[in-house]
Structure formats: structure tokens, C-alpha cells
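Down below is the structure, laid out as C-alpha cells.
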Amino acid sequence: MGYDVKANSAVITNGRDRAAARAMLKAVGYSDADLAKPIVGIANTWIETMPCNLNLRELAEHVKRGVREAGGTPMEFNTIAISDGVTMGTEGMKTSLVSREVIADSIELVGRGHMFDAIVALVACDKTIPGAAMALIRLNVPSLVLYGGSIAPGRWKDRDLTVVDVFEAIGAHAAGKIDDAELKAVEDRACPGAGACGGQFTANTMATVMEFIGLSPIGSASPGATDPRKQKKAYEAGLLVMDLLRRGVRPRDILTRDAFENAIAAASGTGGSTNSVLHLLALAREAEVPLSIDDFDAISRRTPIIADLRPGGRWVALDVDRAGGIELIAKRMVEAKLVHAGAQTVTGQSLGAASAGALESPGQVVIATAERPFKASGGLVILRGDLAPEGAVVKIAGHERTYHRGPARCFDREEDAMAAVEAGKIVAGDVVVIRYEGPKGGPGMREMLSVTGAIVGAGLGESVALVTDGRFSGGTHGLMIGHVAPEAQVGGPLAALRDGDIVIVDIEKRALNTELTPTEIRTRLTARKPKAPRYRSGVMAKYAALVSSASDGAVTRPL
């Protein structure tokens, strides 16, 4: 027997007892012929609060056209999205990681409630990508993820701009290095239209990861948001999901251990975001594939960086597209045996076969080979030590120093650290410690791009380290250590630090330590007074009560 392409939706649409349901669906405009076909959910993360997802309404129409032409009936529905860039540095940023769970839960709820036979998830800004993928794994119906595409770079003084340049300009302005006019010029030009942040920040890292892990068709993510080719990719996604449905291929069939190793290699080999650690751990928990935080370090050690991308490198996502696309990166990694070429993808081809036809633009300098990489080992490094017994994450994607020893400057919230940077109170050699910003303590594990951008903009990027139980934007660069676990809120060692305590970051030894004795750390932690939860009701309180450690992906679980 073949795969029953209408096994799910028949429960909603077929038979005498479903007449009322059909009556309501006919009010929407569906005919008897429409309802006799497989029903394909189009999970859209369109929202008008950011450029990242702004083009997804239009893309959805092309996906639906493909579904119809391939014999299915599309039903579009929406979920939420939070802009990391807009909320950065505010209390609103705490909602970003929480939104990953809400996105996953809401897509799952609509999928279960309306019993779709297949799903296409349209994604863009950071948390929409893993959130949608988590939902597809839970539902486990034939489905795929389609990325809306990167924003084009802005231009100012003959250089490309991304939103990270704006954050760094804020720091430069605070340090007196640029004037009001210069800051305004960068602000006005950095984001020229629709699309997700343009470097190999979290959105583009996760879009790359989705192709390598097999949930997005190879070649679909690279065209920019405003590129006409994106519409064709959307139409093809509609055709492809119907092919997936007829083949009966589901996410859990694709998401093997090899697929996850490929995804980690993709993030490492492109100098991608540390957020990929959180998100891949979360996806692995949903797929019930064994994966630990230490796997990232092991794979990163053996994976050279072959894409020279911002924030550690020179180029942006649209330069990758012009050079040959994510498929060229995949082809190079397959050729060097850095990934499992036989891992399957939604196209029905293996990763090796799907990327074999990648075309390299003559003279491109964006994507290298494994034999002559931009850096010999990957960018995702896991540290442990008396400050991070469960691990911490740092991205070493450019020419960051590998050792730092300095006095702690302790802050219990990001705003206080930002004020100290802007007031010139942070000096060369300091270790800025921002705690109580973890999954439970924040709650929501804020990104720290405002303060890291201000540090770099103030000219301290090469002389100051930052350590936090929060996390970083994919746009962060410099010696910035995040995801410290266990977090301060649950009594992690960061809570024991005081101003002036010496902190040592040693990348070669994979170590994050203090010069305090174990006895002194225990004594201070025993004497500390636990901080009251910052939220006592609503979604933030629920999240804080249910969320796990960053070392486990900051996933929510029933009590």
C-alpha cells in the first residue's frame, strides 16, 4: 500500500458527520473539489514589525500556486515573530527566545487542530526558523522549511552596511569617535528593504543549517528577499511538498544523527551564530536524536571555515549567492568529506547529489576550499571550568585572541553594563560579566548585541572580554562568551563573582575559570540570596518555570 495522502485531513472533511465543517470551509471559498484533495498548511511568520519577514505574504501566494498545480489545497495561517534587531537592548528582547517556543507551539496547535496532510513553513527572522522546524518535527507530516531570504546590504562611504554596523556606530558615537550626522547616515542606509539581517548572523546561519540538515531544498535560501528568483523557489516549494506527501517522507525520516552533524559543520564552517547551538540542541530533543553541547566543539575542531562572512569576515549573504550559493558551500564540504554526503534531504536527493551541480562564479573570493580555508578550524567553541561546569559557548571566527585574564566587572542586567560602557567606565583588560540574564533569570536569555556592539564601537573589542549567562546575536564578534551554564538564577558560579575577581578565558584549553578557590565559590553561593522571579504571571513566568538549561537547548518541558 502507498502513503495515504489524505489520511489526516479526511478526518476533518469526509463523511456525513463532517457536513458542518465543510459548510464552514465553503464559507471561506473552498469547493467540494478543493476539500477532496490533500490539505497543505502554509505556516506563515509574516509580520509588519520588521523587514525580515515582510515579504512572506507575497511568497505564500507562490507557494500556494505550486501546491494547487500539484494537486493539493493550500490553507494559509499565521503565527508570531519577534524582531531581535528592533527589541535589542530592551526588556522586549527577553521575548525573542520565548517566541521560539510560542511559534513551535502555535504551528503545532494549528497543525493538530486542522489535521493538515503536509505543511510548508515560511520563515525569516531568527527564532521563526528553529521554531517552525520544531513544530514540523512534532507533527511529523511531510513538510519543509522555506527561508524568505536576506536583506540587501546598505551602502555608506563605499562600504556595505548591515544592522550590526548601526549597533557599532552607537558605541562609536558614545565614545566620541563619530558625530550625530555620521550616526544618522549609517542608521538611514543600513537596512534598505525587506529581508533578514545580511551577514552570517543567526537568520542566515539557520537558513544554511536548514539546507544542510535536509529540511529545506538545497539552493532555496541563497537568493535575497527581493530577488525575483525567490518567487520561483516559493512556487517550487509548493510543488515539492506535494511530492514529499506522495512519497510519504516526513521530518523524522530526514533528521538523523548524520543530518545533525552536517548542520553543526555548516554553522561552524561558515563562522555562524552561537545561537545555532541552542537551536540544534532543541531540534535534536524534538527529534529524539542524541546530541550534546560537546558535539559542537568536536565537530568545530575538525571543520575549517571556508566562507569569509561577516561578522568575523568580509562578505554578506548576497555575496554568497553571487559566489555560488549555499549549494557551493555544501559541495566544497562534501568534496572534503567534512559532511555526510549520503544524508537525505527533502528533495529526495542526498546532500552530496543535491549540491553536486553547484556552479562557482569565476574569480569569487567569498567561498574557499577546505585545502585553503580562511581558518583551519570552525568557529563554535565550548568552554568549561569553575565558572561554567555545564559549558559555555564562544565564537572564534576571525582573528580573536585566544587568551584573556582580567578583573570582573559584574552587572546583574544588560542595561547596567550598557550604561557603564557608554559612560567610559569599562577599560582595557576588563571582563564584563552580565548575569541573571539566562533562560530562567532573564527570563528569555537576551541577546547582547547592543552592549557587544558598543564595546567594539568604543574601540575595546580587542582588549575587553564579556561573559554572560545570556546569549549573543549572530552579529556579535570579539571575545564574547555566552550561554554560561548553570545560570546565575539557579545558583550557577557566575552568581559568586564580585568586582575585581580575576577571570581567565583560555580558548586553547577550552577553559573559563576564576582564580577563586572552590571553597570560596561554594561559600559565596551558599550565602547568596536567590533573586525573586522578574515575572510572576503570563507567558514569561510560564517560560521561566518550564525552561531547561542553555546547555540543553533552553527547551520547555512539562513539569
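Residue names in the C-alpha cells use chain letters A, B, ... in the order shown, residue numbers from 1 in each chain, and ligand numbers from 1 in the order shown.
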Which of region 76-119 of chain A fall in strand (DSSP E), as a VMD selection string: chain A and resid 76 to 78 118 to 119
Per-residue nearest contacts of region 125-210 of chain A to region 92-113 of chain A (9 Å; only C-alpha atoms) as CSV:
residue,atom,partner,partner_atom,distance
A:Asp126,CA,A:Ser96,CA,8.6
A:Lys127,CA,A:Arg100,CA,5.0
A:Thr128,CA,A:Arg100,CA,6.4
A:Ile129,CA,A:Arg100,CA,8.4
A:Pro130,CA,A:Arg100,CA,6.9
A:Gly131,CA,A:Ala104,CA,4.5
A:Ala132,CA,A:Ala104,CA,5.5
A:Ala133,CA,A:Ala104,CA,7.5
A:Met134,CA,A:Ala104,CA,5.7
A:Ala135,CA,A:Ala104,CA,4.6
A:Leu136,CA,A:Glu108,CA,7.3
A:Arg138,CA,A:Glu108,CA,7.0
A:Leu139,CA,A:Glu108,CA,6.3
Enumerate, as number ranges by chain, the complete set of residues in region 300-378 of chain A that a backbone-based DSSP assignment places in helix (DSSP H, G or I). A: 300-301, 317-323, 326-335, 351-355
Please provide the set of residues having any atom within 7 Å of region 468-482 of chain A, restricted to only C-alpha atoms, with same-chain residues fewer than 3 positions apart removed, written as number ranges by chain. A: 164, 200-202, 272-275, 311-312, 392-394, 400, 433-438, 445-449, 452-453, 461-462, 465, 485, 487
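Restricting the calculation to only C-alpha atoms, the smallest distance between Arg68 (chain A) and any of A:Tyr147, A:Tyr235, A:Trp46, A:Phe116 is found for A:Tyr235.
Omitting Gly406 (chain A) and its sequence neighbours fewer than 3 positions away, and counting only C-alpha atoms, the residues within 10 Å are Arg409, Ala428, Gly429, Asp430, Val431, Val432, Ser463, Val464, Ala465, Gly500, Asp501, Ile502, Val503, Ile504, Val505 and Thr514 of chain A.
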Might you pull out every residue within 9 Å of Asp308 (chain A), with only C-alpha atoms counted and same-chain residues fewer than 2 positions away left off, and present them as an MDAnalysis selection string? chainID A and resid 270:271 305:306 310 312:316 365:368 374 398
Selection export as a PDB file, in the first residue's frame, atoms kept: N, CA, C and O atoms:
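And here is the file that came out, selection.pdb:
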ATOM      1  N   THR A 270      30.984  28.123   8.377  1.00  0.00           N
ATOM      2  CA  THR A 270      30.653  29.436   7.819  1.00  0.00           C
ATOM      3  C   THR A 270      30.823  30.550   8.848  1.00  0.00           C
ATOM      4  O   THR A 270      30.403  31.684   8.605  1.00  0.00           O
ATOM      5  N   GLY A 271      31.433  30.230  10.004  1.00  0.00           N
ATOM      6  CA  GLY A 271      31.597  31.234  11.051  1.00  0.00           C
ATOM      7  C   GLY A 271      30.264  31.711  11.583  1.00  0.00           C
ATOM      8  O   GLY A 271      30.087  32.876  11.904  1.00  0.00           O
ATOM      9  N   ILE A 305      36.872  26.889   8.462  1.00  0.00           N
ATOM     10  CA  ILE A 305      35.972  27.936   7.983  1.00  0.00           C
ATOM     11  C   ILE A 305      36.286  28.210   6.518  1.00  0.00           C
ATOM     12  O   ILE A 305      37.385  28.627   6.170  1.00  0.00           O
ATOM     13  N   ILE A 306      35.290  27.960   5.657  1.00  0.00           N
ATOM     14  CA  ILE A 306      35.525  28.107   4.212  1.00  0.00           C
ATOM     15  C   ILE A 306      34.681  29.226   3.597  1.00  0.00           C
ATOM     16  O   ILE A 306      34.704  29.402   2.377  1.00  0.00           O
ATOM     17  N   ARG A 310      30.684  38.041   7.311  1.00  0.00           N
ATOM     18  CA  ARG A 310      30.501  38.854   8.498  1.00  0.00           C
ATOM     19  C   ARG A 310      29.692  38.071   9.528  1.00  0.00           C
ATOM     20  O   ARG A 310      28.861  37.248   9.154  1.00  0.00           O
ATOM     21  N   GLY A 312      32.690  37.900  11.386  1.00  0.00           N
ATOM     22  CA  GLY A 312      34.118  37.656  11.516  1.00  0.00           C
ATOM     23  C   GLY A 312      34.883  37.908  10.241  1.00  0.00           C
ATOM     24  O   GLY A 312      36.092  38.129  10.263  1.00  0.00           O
ATOM     25  N   GLY A 313      34.189  37.868   9.100  1.00  0.00           N
ATOM     26  CA  GLY A 313      34.839  38.037   7.808  1.00  0.00           C
ATOM     27  C   GLY A 313      34.399  39.294   7.086  1.00  0.00           C
ATOM     28  O   GLY A 313      33.959  40.264   7.699  1.00  0.00           O
ATOM     29  N   ARG A 314      34.445  39.248   5.748  1.00  0.00           N
ATOM     30  CA  ARG A 314      34.256  40.473   4.965  1.00  0.00           C
ATOM     31  C   ARG A 314      32.912  40.571   4.259  1.00  0.00           C
ATOM     32  O   ARG A 314      32.461  41.674   3.956  1.00  0.00           O
ATOM     33  N   TRP A 315      32.267  39.438   3.964  1.00  0.00           N
ATOM     34  CA  TRP A 315      31.182  39.454   2.998  1.00  0.00           C
ATOM     35  C   TRP A 315      29.827  39.183   3.645  1.00  0.00           C
ATOM     36  O   TRP A 315      29.745  38.723   4.781  1.00  0.00           O
ATOM     37  N   VAL A 316      28.766  39.485   2.880  1.00  0.00           N
ATOM     38  CA  VAL A 316      27.402  39.301   3.372  1.00  0.00           C
ATOM     39  C   VAL A 316      26.718  38.180   2.586  1.00  0.00           C
ATOM     40  O   VAL A 316      27.272  37.627   1.640  1.00  0.00           O
ATOM     41  N   VAL A 365      35.674  35.276  -4.301  1.00  0.00           N
ATOM     42  CA  VAL A 365      36.605  35.188  -3.169  1.00  0.00           C
ATOM     43  C   VAL A 365      35.874  34.970  -1.846  1.00  0.00           C
ATOM     44  O   VAL A 365      36.473  35.106  -0.780  1.00  0.00           O
ATOM     45  N   VAL A 366      34.601  34.625  -1.932  1.00  0.00           N
ATOM     46  CA  VAL A 366      33.774  34.502  -0.731  1.00  0.00           C
ATOM     47  C   VAL A 366      33.861  33.102  -0.126  1.00  0.00           C
ATOM     48  O   VAL A 366      33.903  32.933   1.099  1.00  0.00           O
ATOM     49  N   ILE A 367      33.890  32.089  -0.985  1.00  0.00           N
ATOM     50  CA  ILE A 367      33.881  30.687  -0.551  1.00  0.00           C
ATOM     51  C   ILE A 367      35.189  30.044  -0.949  1.00  0.00           C
ATOM     52  O   ILE A 367      35.552  30.020  -2.140  1.00  0.00           O
ATOM     53  N   ALA A 368      35.903  29.522   0.039  1.00  0.00           N
ATOM     54  CA  ALA A 368      37.208  28.911  -0.209  1.00  0.00           C
ATOM     55  C   ALA A 368      37.067  27.392  -0.308  1.00  0.00           C
ATOM     56  O   ALA A 368      35.962  26.850  -0.423  1.00  0.00           O
ATOM     57  N   PHE A 374      39.805  29.813   5.137  1.00  0.00           N
ATOM     58  CA  PHE A 374      40.048  31.111   5.785  1.00  0.00           C
ATOM     59  C   PHE A 374      40.542  30.915   7.212  1.00  0.00           C
ATOM     60  O   PHE A 374      41.261  31.749   7.756  1.00  0.00           O
ATOM     61  N   GLY A 398      37.124  34.856  13.479  1.00  0.00           N
ATOM     62  CA  GLY A 398      38.045  35.742  12.777  1.00  0.00           C
ATOM     63  C   GLY A 398      39.441  35.613  13.340  1.00  0.00           C
ATOM     64  O   GLY A 398      40.049  34.553  13.321  1.00  0.00           O
TER      65      GLY A 398
END
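The smallest atom-to-atom distance between Ser150 (chain A) and any of A:Ala181, A:Ala317, A:Leu56, A:Ala237, using only C-alpha atoms, is found for A:Ala317.
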Point-to-point distance from CA of Ala81 (chain A) to CA of Leu54 (chain A), Å rounded to tenths: 11.0 Å
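Among the candidates A:Val547, A:Gly171, A:Ala356, A:Pro51, the one nearest to Ala420 (chain A) when counting only C-alpha atoms is A:Gly171.
Of note, CA of Ser548 (chain A) and CA of Asp506 (chain A) are spaced 26.9 Å apart.
Residue nearest Ala496 (chain A) within the list A:Val456, A:Cys410, A:Leu309, A:Leu59: A:Cys410 [criterion: smallest interatomic distance, only C-alpha atoms].
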Please provide as a compact mmCIF listing (two decimals) with N, CA, C and O atoms, in the first residue's frame all residues within 9 Å of Tyr535 (chain A), with the sequence filter that same-chain residues fewer than 4 positions apart are discarded (counting only C-alpha atoms).
# COMPACT_ATOMS: atom_id res chain seq x y z
N PRO A 443 13.64 36.49 32.38
CA PRO A 443 13.81 35.23 31.66
C PRO A 443 13.95 35.50 30.17
O PRO A 443 13.72 36.61 29.70
N VAL A 539 3.08 34.74 30.05
CA VAL A 539 3.92 33.85 29.25
C VAL A 539 5.36 33.82 29.75
O VAL A 539 6.01 32.76 29.73
N MET A 540 5.87 34.96 30.23
CA MET A 540 7.26 34.99 30.69
C MET A 540 7.44 34.13 31.94
O MET A 540 8.44 33.42 32.09
N ALA A 541 6.46 34.19 32.85
CA ALA A 541 6.53 33.38 34.06
C ALA A 541 6.40 31.90 33.73
O ALA A 541 7.10 31.06 34.31
N LYS A 542 5.51 31.58 32.81
CA LYS A 542 5.36 30.17 32.39
C LYS A 542 6.67 29.64 31.79
O LYS A 542 7.10 28.53 32.09
N ALA A 544 9.75 30.77 32.28
CA ALA A 544 10.79 30.65 33.31
C ALA A 544 10.59 29.39 34.14
O ALA A 544 11.56 28.75 34.56
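Take CA of Ala458 (chain A) and CA of Ala190 (chain A): the distance between them is 19.4 Å.
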Near Glu414 (chain A), within 8 Å and counting only C-alpha atoms, which residues show up once chain neighbours fewer than 2 positions away are dropped, as a VMD selection string? chain A and resid 89 411 to 412 416 to 418 434 437 448 451
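Remark: for Leu240 (chain A), the closest of the candidate residues A:Arg252, A:Arg65, A:Lys440, A:Arg557 is A:Arg65 (distances computed over only C-alpha atoms).
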